[in-house]
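This is data29.txt (compact mmCIF, C-alpha atoms).
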# COMPACT_ATOMS: atom_id res chain seq x y z
CA MET A 868 299.28 -40.22 -4.26
CA GLY A 869 300.43 -43.68 -5.18
CA LEU A 870 302.11 -46.45 -3.25
CA THR A 871 304.82 -48.61 -4.69
CA ARG A 872 307.83 -50.86 -4.08
CA ASN A 873 311.19 -50.58 -5.73
CA GLY A 874 311.59 -53.43 -8.20
CA SER A 875 315.35 -53.99 -7.71
CA PRO A 876 316.17 -57.65 -6.89
CA LEU A 877 318.20 -56.45 -3.92
CA LEU A 878 316.00 -53.65 -2.69
CA LEU A 879 312.62 -54.95 -1.53
CA MET A 880 311.31 -51.57 -0.53
CA ILE A 881 307.72 -50.51 -0.44
CA LEU A 882 307.47 -47.09 -1.94
CA SER A 883 304.38 -45.04 -1.73
CA ALA A 884 303.98 -42.49 -4.47
CA MET A 885 301.63 -39.81 -3.43
CA PHE A 886 300.14 -37.47 -5.92
CA LEU A 887 299.69 -33.93 -4.76
CA LEU A 888 298.53 -31.24 -7.10
CA PRO A 889 300.11 -27.85 -6.29
CA LEU A 890 297.67 -25.67 -4.39
CA HIS A 891 297.98 -22.75 -6.75
CA VAL A 892 297.12 -19.38 -5.21
CA SER A 893 294.24 -17.56 -6.86
CA SER A 894 293.13 -13.97 -6.56
CA THR A 895 289.69 -14.55 -8.05
CA LEU A 896 287.88 -15.31 -4.79
CA ALA A 897 288.00 -11.83 -3.25
CA GLU A 898 291.80 -11.95 -2.99
CA ARG A 899 291.70 -15.26 -1.15
CA SER A 900 294.60 -17.68 -1.11
CA THR A 901 295.25 -21.13 0.31
CA PHE A 902 297.14 -21.25 3.60
CA ILE A 903 298.51 -24.11 5.69
CA VAL A 904 297.82 -23.36 9.37
CA HIS A 905 299.75 -25.02 12.20
CA MET A 906 297.74 -25.34 15.43
CA ASP A 907 298.55 -26.42 18.99
CA LYS A 908 295.99 -29.17 19.61
CA SER A 909 296.34 -28.85 23.39
CA PHE A 910 294.24 -25.67 23.10
CA MET A 911 291.24 -27.55 21.68
CA PRO A 912 288.23 -26.88 23.97
CA LYS A 913 286.70 -29.95 25.60
CA ALA A 914 283.38 -29.12 23.94
CA PHE A 915 284.78 -30.42 20.64
CA THR A 916 285.03 -34.17 20.13
CA THR A 917 287.48 -34.00 17.21
CA HIS A 918 290.08 -31.60 15.88
CA HIS A 919 288.10 -31.34 12.62
CA HIS A 920 285.08 -29.90 14.48
CA TRP A 921 287.35 -27.44 16.28
CA TYR A 922 288.95 -26.21 13.07
CA SER A 923 285.56 -25.95 11.36
CA SER A 924 284.32 -23.80 14.24
CA ILE A 925 287.36 -21.53 13.92
CA ILE A 926 286.71 -21.02 10.21
CA ASP A 927 283.01 -20.33 10.87
CA SER A 928 283.94 -17.72 13.48
CA ILE A 929 285.82 -15.58 10.95
CA LYS A 930 282.99 -15.56 8.39
CA SER A 931 281.86 -12.21 9.71
CA VAL A 932 281.92 -10.26 6.48
CA GLU A 933 280.95 -11.68 3.11
CA SER A 934 283.10 -10.67 0.17
CA THR A 935 282.00 -10.46 -3.42
CA THR A 936 284.02 -11.78 -6.32
CA SER A 937 284.52 -10.00 -9.62
CA ASN A 938 281.70 -12.08 -11.16
CA GLY A 939 279.23 -11.03 -8.45
CA HIS A 940 279.27 -14.24 -6.42
CA HIS A 941 279.72 -14.24 -2.67
CA SER A 942 282.72 -16.06 -1.22
CA THR A 943 283.62 -17.01 2.31
CA PRO A 944 286.62 -18.67 3.95
CA SER A 945 286.57 -22.42 3.53
CA LEU A 946 288.27 -25.37 5.21
CA VAL A 947 290.13 -27.57 2.73
CA TYR A 948 291.99 -30.29 4.68
CA THR A 949 292.63 -31.08 8.34
CA TYR A 950 295.86 -32.67 9.59
CA ASP A 951 296.42 -34.81 12.67
CA HIS A 952 299.47 -36.98 11.99
CA ALA A 953 302.75 -35.32 10.97
CA PHE A 954 301.51 -32.11 12.59
CA HIS A 955 298.25 -30.61 13.84
CA GLY A 956 296.41 -28.03 11.77
CA PHE A 957 294.48 -27.44 8.60
CA SER A 958 294.54 -25.77 5.20
CA ALA A 959 291.97 -23.15 4.26
CA VAL A 960 291.17 -20.55 1.63
CA LEU A 961 291.38 -17.18 3.38
CA SER A 962 291.66 -13.47 2.71
CA LYS A 963 294.42 -11.44 4.34
CA ASP A 964 291.98 -9.96 6.87
CA GLU A 965 290.62 -13.42 7.71
CA LEU A 966 294.15 -14.73 8.21
CA ASP A 967 294.91 -11.81 10.54
CA SER A 968 291.77 -12.64 12.52
CA LEU A 969 292.73 -16.31 12.62
CA LYS A 970 296.10 -15.45 14.14
CA ASN A 971 294.26 -14.26 17.28
CA SER A 972 292.60 -17.66 17.76
CA PRO A 973 293.73 -19.74 20.78
CA GLY A 974 296.15 -22.44 19.67
CA PHE A 975 297.36 -20.68 16.52
CA VAL A 976 301.07 -21.41 15.97
CA SER A 977 301.95 -20.32 12.45
CA SER A 978 300.71 -20.11 8.86
CA TYR A 979 302.32 -20.74 5.52
CA SER A 980 301.18 -19.33 2.22
CA ASP A 981 300.54 -21.82 -0.54
CA ARG A 982 303.15 -22.07 -3.25
CA GLN A 983 303.63 -23.99 -6.45
CA ALA A 984 306.33 -26.66 -6.29
CA THR A 985 309.06 -27.01 -8.91
CA ILE A 986 309.58 -30.48 -10.34
CA ASP A 987 313.22 -31.57 -10.08
CA THR A 988 314.59 -34.92 -11.18
CA THR A 989 317.45 -36.42 -9.14
CA HIS A 990 319.28 -39.71 -8.92
CA THR A 991 317.97 -40.73 -5.50
CA THR A 992 320.58 -43.37 -4.64
CA ASP A 993 323.38 -40.95 -5.50
CA PHE A 994 321.69 -38.16 -3.55
CA LEU A 995 321.43 -40.40 -0.48
CA SER A 996 324.96 -41.75 -1.02
CA LEU A 997 323.66 -45.34 -0.89
CA ASN A 998 326.13 -48.13 -1.53
CA PRO A 999 324.79 -51.66 -2.28
CA ALA A 1000 327.83 -53.27 -0.61
CA THR A 1001 328.37 -51.27 2.58
CA GLY A 1002 326.66 -48.76 4.84
CA LEU A 1003 323.02 -48.01 5.55
CA TRP A 1004 321.53 -49.84 2.58
CA PRO A 1005 322.72 -53.39 3.37
CA ALA A 1006 322.54 -52.70 7.13
CA SER A 1007 318.80 -52.04 6.77
CA ASN A 1008 318.27 -55.26 4.78
CA TYR A 1009 317.95 -53.10 1.68
CA GLY A 1010 314.86 -51.41 3.03
CA LYS A 1011 312.74 -54.55 3.06
CA ASP A 1012 309.13 -53.77 3.96
CA VAL A 1013 309.86 -50.08 4.55
CA ILE A 1014 306.87 -47.92 3.56
CA VAL A 1015 307.87 -44.62 1.99
CA GLY A 1016 305.59 -41.77 0.87
CA VAL A 1017 306.53 -39.86 -2.27
CA ILE A 1018 304.73 -36.62 -3.12
CA ASP A 1019 304.85 -36.17 -6.88
CA THR A 1020 302.87 -35.91 -10.12
CA GLY A 1021 301.27 -39.34 -9.73
CA VAL A 1022 301.88 -42.80 -11.16
CA TRP A 1023 301.30 -44.62 -14.44
CA PRO A 1024 300.35 -48.08 -13.09
CA GLU A 1025 300.96 -49.86 -16.40
CA SER A 1026 304.65 -48.94 -16.29
CA GLU A 1027 307.11 -51.84 -16.15
CA SER A 1028 308.51 -50.19 -13.02
CA PHE A 1029 305.39 -51.18 -11.09
CA LYS A 1030 305.40 -54.90 -11.82
CA ASP A 1031 305.21 -56.81 -8.54
CA ASP A 1032 306.88 -60.05 -9.64
CA GLY A 1033 308.66 -61.59 -6.65
CA MET A 1034 307.37 -59.03 -4.15
CA THR A 1035 306.45 -60.19 -0.65
CA GLU A 1036 303.05 -59.57 0.91
CA ILE A 1037 302.08 -56.02 1.85
CA PRO A 1038 302.96 -55.36 5.53
CA SER A 1039 299.93 -55.68 7.81
CA ARG A 1040 300.65 -52.24 9.28
CA TRP A 1041 299.78 -50.61 5.95
CA LYS A 1042 296.50 -48.70 6.42
CA GLY A 1043 296.32 -46.74 3.15
CA ILE A 1044 293.94 -47.03 0.21
CA CYS A 1045 294.04 -47.22 -3.57
CA GLU A 1046 291.77 -44.32 -4.50
CA ALA A 1047 289.74 -44.56 -7.70
CA GLY A 1048 289.65 -41.63 -10.12
CA GLN A 1049 289.71 -40.73 -13.77
CA GLU A 1050 291.22 -43.69 -15.70
CA PHE A 1051 292.45 -45.15 -12.41
CA ASN A 1052 290.75 -47.83 -10.31
CA SER A 1053 291.67 -49.79 -7.20
CA SER A 1054 292.55 -52.92 -9.17
CA MET A 1055 295.57 -51.11 -10.60
CA CYS A 1056 297.37 -51.35 -7.26
CA ASN A 1057 299.36 -54.52 -6.49
CA LEU A 1058 302.10 -55.84 -4.19
CA LYS A 1059 304.43 -53.04 -5.28
CA LEU A 1060 302.06 -50.18 -6.04
CA ILE A 1061 300.28 -50.60 -2.75
CA GLY A 1062 298.07 -47.53 -2.77
CA ALA A 1063 297.29 -44.19 -4.39
CA ARG A 1064 295.61 -40.94 -3.39
CA SER A 1065 295.06 -37.60 -5.08
CA PHE A 1066 294.92 -34.31 -3.17
CA ASN A 1067 293.44 -31.48 -5.24
CA LYS A 1068 290.87 -29.81 -2.98
CA GLY A 1069 293.18 -26.86 -2.39
CA VAL A 1070 293.66 -25.97 -6.02
CA VAL A 1071 289.93 -26.47 -6.69
CA ALA A 1072 289.00 -24.23 -3.75
CA ALA A 1073 291.26 -21.44 -4.99
CA ASN A 1074 290.42 -22.00 -8.68
CA PRO A 1075 286.84 -23.33 -8.94
CA ASN A 1076 286.84 -23.22 -12.76
CA ILE A 1077 290.10 -25.16 -13.16
CA THR A 1078 290.22 -28.20 -15.43
CA PHE A 1079 292.63 -31.10 -14.96
CA SER A 1080 294.38 -33.06 -17.66
CA MET A 1081 293.73 -36.09 -15.43
CA ASN A 1082 291.60 -35.83 -12.30
CA SER A 1083 293.13 -38.78 -10.49
CA THR A 1084 296.47 -40.16 -9.34
CA ARG A 1085 297.36 -41.10 -12.92
CA ASP A 1086 300.62 -39.45 -13.98
CA THR A 1087 300.47 -37.54 -17.27
CA GLU A 1088 303.91 -35.93 -16.90
CA GLY A 1089 306.11 -38.94 -16.13
CA HIS A 1090 308.05 -37.42 -13.24
CA GLY A 1091 306.21 -39.21 -10.44
CA THR A 1092 306.33 -42.53 -12.28
CA GLN A 1093 310.07 -42.25 -12.81
CA LEU A 1094 310.86 -41.52 -9.17
CA SER A 1095 308.37 -43.79 -7.44
CA GLY A 1096 309.01 -46.67 -9.81
CA GLY A 1097 312.71 -46.75 -9.07
CA GLY A 1098 313.73 -44.58 -12.03
CA ARG A 1099 313.56 -47.41 -14.58

Since I need it in another form, could you write the structure as structure tokens?
Amino acid sequence: MGLTRNGSPLLLMILSAMFLLPLHVSSTLAERSTFIVHMDKSFMPKAFTTHHHWYSSIIDSIKSVESTTSNGHHSTPSLVYTYDHAFHGFSAVLSKDELDSLKNSPGFVSSYSDRQATIDTTHTTDFLSLNPATGLWPASNYGKDVIVGVIDTGVWPESESFKDDGMTEIPSRWKGICEAGQEFNSSMCNLKLIGARSFNKGVVAANPNITFSMNSTRDTEGHGTQLSGGGR
């Protein structure tokens, strides 16, 4: 994921472009797929100090039967990510039987099967019906110092769209990072591209032999750069 500001002279927005690789479902690991699981954190037993430990314990509890892959290797359910901000829960690579067992766990709310996202290009200002003269845009001081997360194919930091000429200082409330990766280092972030992170553990867990054209937040398709950089 990357973090950026729109370079318009009127719109001093801080955009954050987040790179998220699709968590492609694989059938190679004993018919296991990646699932997003929503949990009710109020059910977390007091014995656990963090939600991560609780979720790890839940995954360990359903590792009752080992499955064997087509190449003879054993595979077990695995925790991929844990979530504690927008909602409580985790993502994990599970078989259908393991998911059914998980549904009986205290605090389980719902689960969502992984899917591959379709890349669509839109004219954001038109889509939001923003008018530079009246309405929400000028009323919000043209989004000055607003931090926005964009989930997309990444960013190309050398793009003219990410120049930070004239940008104000990064808001002190910003707590993100500029994550280093293949052909991408922390020095590539600036006052407009304020951070970057890549999330690919899900696709790696479901497809352990996968290779990436770029294993970092660097954009090799152009879509994320176009949208997060203001479309210029």

**Prompt:** So which one's closest to Ala984 of chain A, A:Thr949, A:Ile929, A:Thr917, A:Ile1018? Using all atoms listed in the file, please.
**Reply:**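 Closest candidate: A:Ile1018.
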
Closest contacts (segment 971-1050 of chain A/segment 1071-1079 of chain A, max 12 Å, all atoms listed in the file) as JSON lines:
{"residue": "A:Asp981", "atom": "CA", "partner": "A:Ala1073", "partner_atom": "CA", "distance": 10.3}
{"residue": "A:Gly1048", "atom": "CA", "partner": "A:Phe1079", "partner_atom": "CA", "distance": 12.0}
{"residue": "A:Gln1049", "atom": "CA", "partner": "A:Phe1079", "partner_atom": "CA", "distance": 10.1}

**Request:** For atom CA of Ser924 of chain A and atom CA of Glu898 of chain A, determine how far apart the two atoms are, in Å to one decimal place.
**Result:** 22.2 Å

**Prompt:** Interatomic distance between atom CA of Asp1086 of chain A and atom CA of Ile986 of chain A?
**Reply:**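 It comes out at 13.2 Å.
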
**Item:** Proximity to Cys1056 of chain A - best of A:Pro973, A:Pro1038, A:Ser1080, A:Val1022, all atoms listed in the file
**Value:** A:Val1022

**Item:** Which residue of A:Thr943, A:Thr901, A:Ser909, A:Thr1035 approaches Gly974 of chain A most closely, using all atoms listed in the file
**Value:**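 With all atoms listed in the file as the atom set, the closest residue is A:Ser909.
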
**Message:** Just the number, please: distance in Å from atom CA of Glu1027 of chain A to atom CA of Cys1045 of chain A, one decimal.
**Reply:** 18.7 Å

**Message:** Just checking: using all atoms listed in the file, which residue out of A:Ser1028, A:Ala1063, A:Trp921, A:Ser1083 ends up closest to Ile1044 of chain A?
**Reply:**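 Using all atoms listed in the file, the shortest distance to Ile1044 of chain A belongs to A:Ala1063.
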
**Prompt:** Which one of A:Trp1023, A:Tyr950, A:Phe1029, A:Tyr922 sits closest to Leu969 of chain A if you count all atoms listed in the file?
**Reply:**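 Residue with the minimum atom-to-atom distance to Leu969 of chain A: A:Tyr922.
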
**Prompt:** When distances are computed from only C-alpha atoms, which of A:Leu1060, A:Leu946, A:Leu995, A:Ile925 shows the smallest separation from Ile1014 of chain A?
**Reply:**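 Going through A:Leu1060, A:Leu946, A:Leu995, A:Ile925 one by one, the smallest distance to Ile1014 of chain A is for A:Leu1060.
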
**Message:** Give me, as JSON, numbers by chain, all polymer residues having an atom no more than 8 Å from Ser980 of chain A, counting all atoms listed in the file and skipping those fewer than 4 positions away in the same chain.
**Reply:** {"A": [900, 901, 902, 903]}

Can you save segment 1044-1068 of chain A of the given block to a file, including N, CA, C and O atoms and formatted as an mmCIF file, in the first residue's frame?
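That gives us result07.cif:
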data_model
loop_
_atom_site.group_PDB
_atom_site.id
_atom_site.type_symbol
_atom_site.label_atom_id
_atom_site.label_comp_id
_atom_site.auth_asym_id
_atom_site.auth_seq_id
_atom_site.Cartn_x
_atom_site.Cartn_y
_atom_site.Cartn_z
ATOM 1 N N ILE A 1044 3.759 3.579 7.873
ATOM 2 C CA ILE A 1044 5.160 3.379 7.536
ATOM 3 C C ILE A 1044 5.339 3.351 6.021
ATOM 4 O O ILE A 1044 4.375 3.207 5.270
ATOM 5 N N CYS A 1045 6.580 3.491 5.601
ATOM 6 C CA CYS A 1045 6.946 3.331 4.197
ATOM 7 C C CYS A 1045 7.744 2.029 4.134
ATOM 8 O O CYS A 1045 8.920 1.997 4.479
ATOM 9 N N GLU A 1046 7.099 0.969 3.734
ATOM 10 C CA GLU A 1046 7.656 -0.374 3.804
ATOM 11 C C GLU A 1046 8.590 -0.660 2.630
ATOM 12 O O GLU A 1046 8.224 -0.501 1.467
ATOM 13 N N ALA A 1047 9.793 -1.105 2.950
ATOM 14 C CA ALA A 1047 10.767 -1.434 1.906
ATOM 15 C C ALA A 1047 10.416 -2.766 1.259
ATOM 16 O O ALA A 1047 9.822 -3.653 1.880
ATOM 17 N N GLY A 1048 10.790 -2.915 -0.004
ATOM 18 C CA GLY A 1048 10.545 -4.144 -0.741
ATOM 19 C C GLY A 1048 11.364 -4.137 -2.013
ATOM 20 O O GLY A 1048 12.268 -3.305 -2.182
ATOM 21 N N GLN A 1049 11.030 -5.030 -2.909
ATOM 22 C CA GLN A 1049 11.772 -5.138 -4.162
ATOM 23 C C GLN A 1049 11.708 -3.823 -4.951
ATOM 24 O O GLN A 1049 10.639 -3.350 -5.302
ATOM 25 N N GLU A 1050 12.871 -3.225 -5.212
ATOM 26 C CA GLU A 1050 12.990 -1.963 -5.951
ATOM 27 C C GLU A 1050 12.147 -0.843 -5.336
ATOM 28 O O GLU A 1050 11.620 0.017 -6.020
ATOM 29 N N PHE A 1051 12.001 -0.891 -4.018
ATOM 30 C CA PHE A 1051 11.246 0.140 -3.303
ATOM 31 C C PHE A 1051 11.841 0.279 -1.913
ATOM 32 O O PHE A 1051 11.919 -0.696 -1.166
ATOM 33 N N ASN A 1052 12.285 1.490 -1.546
ATOM 34 C CA ASN A 1052 12.824 1.701 -0.206
ATOM 35 C C ASN A 1052 12.141 2.893 0.445
ATOM 36 O O ASN A 1052 11.422 3.659 -0.203
ATOM 37 N N SER A 1053 12.355 3.049 1.739
ATOM 38 C CA SER A 1053 11.636 4.059 2.515
ATOM 39 C C SER A 1053 11.938 5.482 2.072
ATOM 40 O O SER A 1053 11.132 6.387 2.291
ATOM 41 N N SER A 1054 13.074 5.706 1.429
ATOM 42 C CA SER A 1054 13.421 7.056 0.991
ATOM 43 C C SER A 1054 12.562 7.520 -0.180
ATOM 44 O O SER A 1054 12.587 8.700 -0.540
ATOM 45 N N MET A 1055 11.814 6.611 -0.786
ATOM 46 C CA MET A 1055 10.976 6.967 -1.919
ATOM 47 C C MET A 1055 9.679 7.637 -1.491
ATOM 48 O O MET A 1055 8.950 8.178 -2.316
ATOM 49 N N CYS A 1056 9.371 7.602 -0.204
ATOM 50 C CA CYS A 1056 8.204 8.329 0.294
ATOM 51 C C CYS A 1056 8.603 9.783 0.543
ATOM 52 O O CYS A 1056 9.775 10.100 0.734
ATOM 53 N N ASN A 1057 7.625 10.688 0.525
ATOM 54 C CA ASN A 1057 7.899 12.108 0.718
ATOM 55 C C ASN A 1057 6.692 12.783 1.359
ATOM 56 O O ASN A 1057 5.875 12.106 1.995
ATOM 57 N N LEU A 1058 6.544 14.085 1.184
ATOM 58 C CA LEU A 1058 5.436 14.809 1.813
ATOM 59 C C LEU A 1058 4.091 14.524 1.146
ATOM 60 O O LEU A 1058 3.039 14.883 1.689
ATOM 61 N N LYS A 1059 4.122 13.911 -0.018
ATOM 62 C CA LYS A 1059 2.870 13.546 -0.687
ATOM 63 C C LYS A 1059 2.643 12.041 -0.623
ATOM 64 O O LYS A 1059 1.584 11.576 -0.214
ATOM 65 N N LEU A 1060 3.638 11.284 -1.017
ATOM 66 C CA LEU A 1060 3.591 9.831 -0.884
ATOM 67 C C LEU A 1060 4.084 9.508 0.521
ATOM 68 O O LEU A 1060 5.274 9.293 0.748
ATOM 69 N N ILE A 1061 3.165 9.500 1.472
ATOM 70 C CA ILE A 1061 3.574 9.495 2.875
ATOM 71 C C ILE A 1061 3.782 8.102 3.459
ATOM 72 O O ILE A 1061 4.208 7.979 4.600
ATOM 73 N N GLY A 1062 3.505 7.074 2.710
ATOM 74 C CA GLY A 1062 3.737 5.731 3.221
ATOM 75 C C GLY A 1062 3.371 4.686 2.186
ATOM 76 O O GLY A 1062 2.754 4.990 1.165
ATOM 77 N N ALA A 1063 3.755 3.449 2.430
ATOM 78 C CA ALA A 1063 3.454 2.361 1.503
ATOM 79 C C ALA A 1063 3.545 1.025 2.224
ATOM 80 O O ALA A 1063 4.447 0.819 3.041
ATOM 81 N N ARG A 1064 2.605 0.142 1.925
ATOM 82 C CA ARG A 1064 2.662 -1.208 2.483
ATOM 83 C C ARG A 1064 2.111 -2.201 1.468
ATOM 84 O O ARG A 1064 1.206 -1.890 0.706
ATOM 85 N N SER A 1065 2.682 -3.392 1.484
ATOM 86 C CA SER A 1065 2.240 -4.464 0.597
ATOM 87 C C SER A 1065 1.653 -5.595 1.427
ATOM 88 O O SER A 1065 2.220 -5.961 2.455
ATOM 89 N N PHE A 1066 0.513 -6.127 1.002
ATOM 90 C CA PHE A 1066 -0.141 -7.219 1.717
ATOM 91 C C PHE A 1066 -0.273 -8.418 0.769
ATOM 92 O O PHE A 1066 -1.176 -8.455 -0.066
ATOM 93 N N ASN A 1067 0.618 -9.390 0.895
ATOM 94 C CA ASN A 1067 0.550 -10.539 -0.004
ATOM 95 C C ASN A 1067 0.620 -11.887 0.714
ATOM 96 O O ASN A 1067 0.772 -12.928 0.078
ATOM 97 N N LYS A 1068 0.503 -11.874 2.036
ATOM 98 C CA LYS A 1068 0.597 -13.131 2.780
ATOM 99 C C LYS A 1068 -0.527 -14.101 2.405
ATOM 100 O O LYS A 1068 -0.337 -15.314 2.426
#
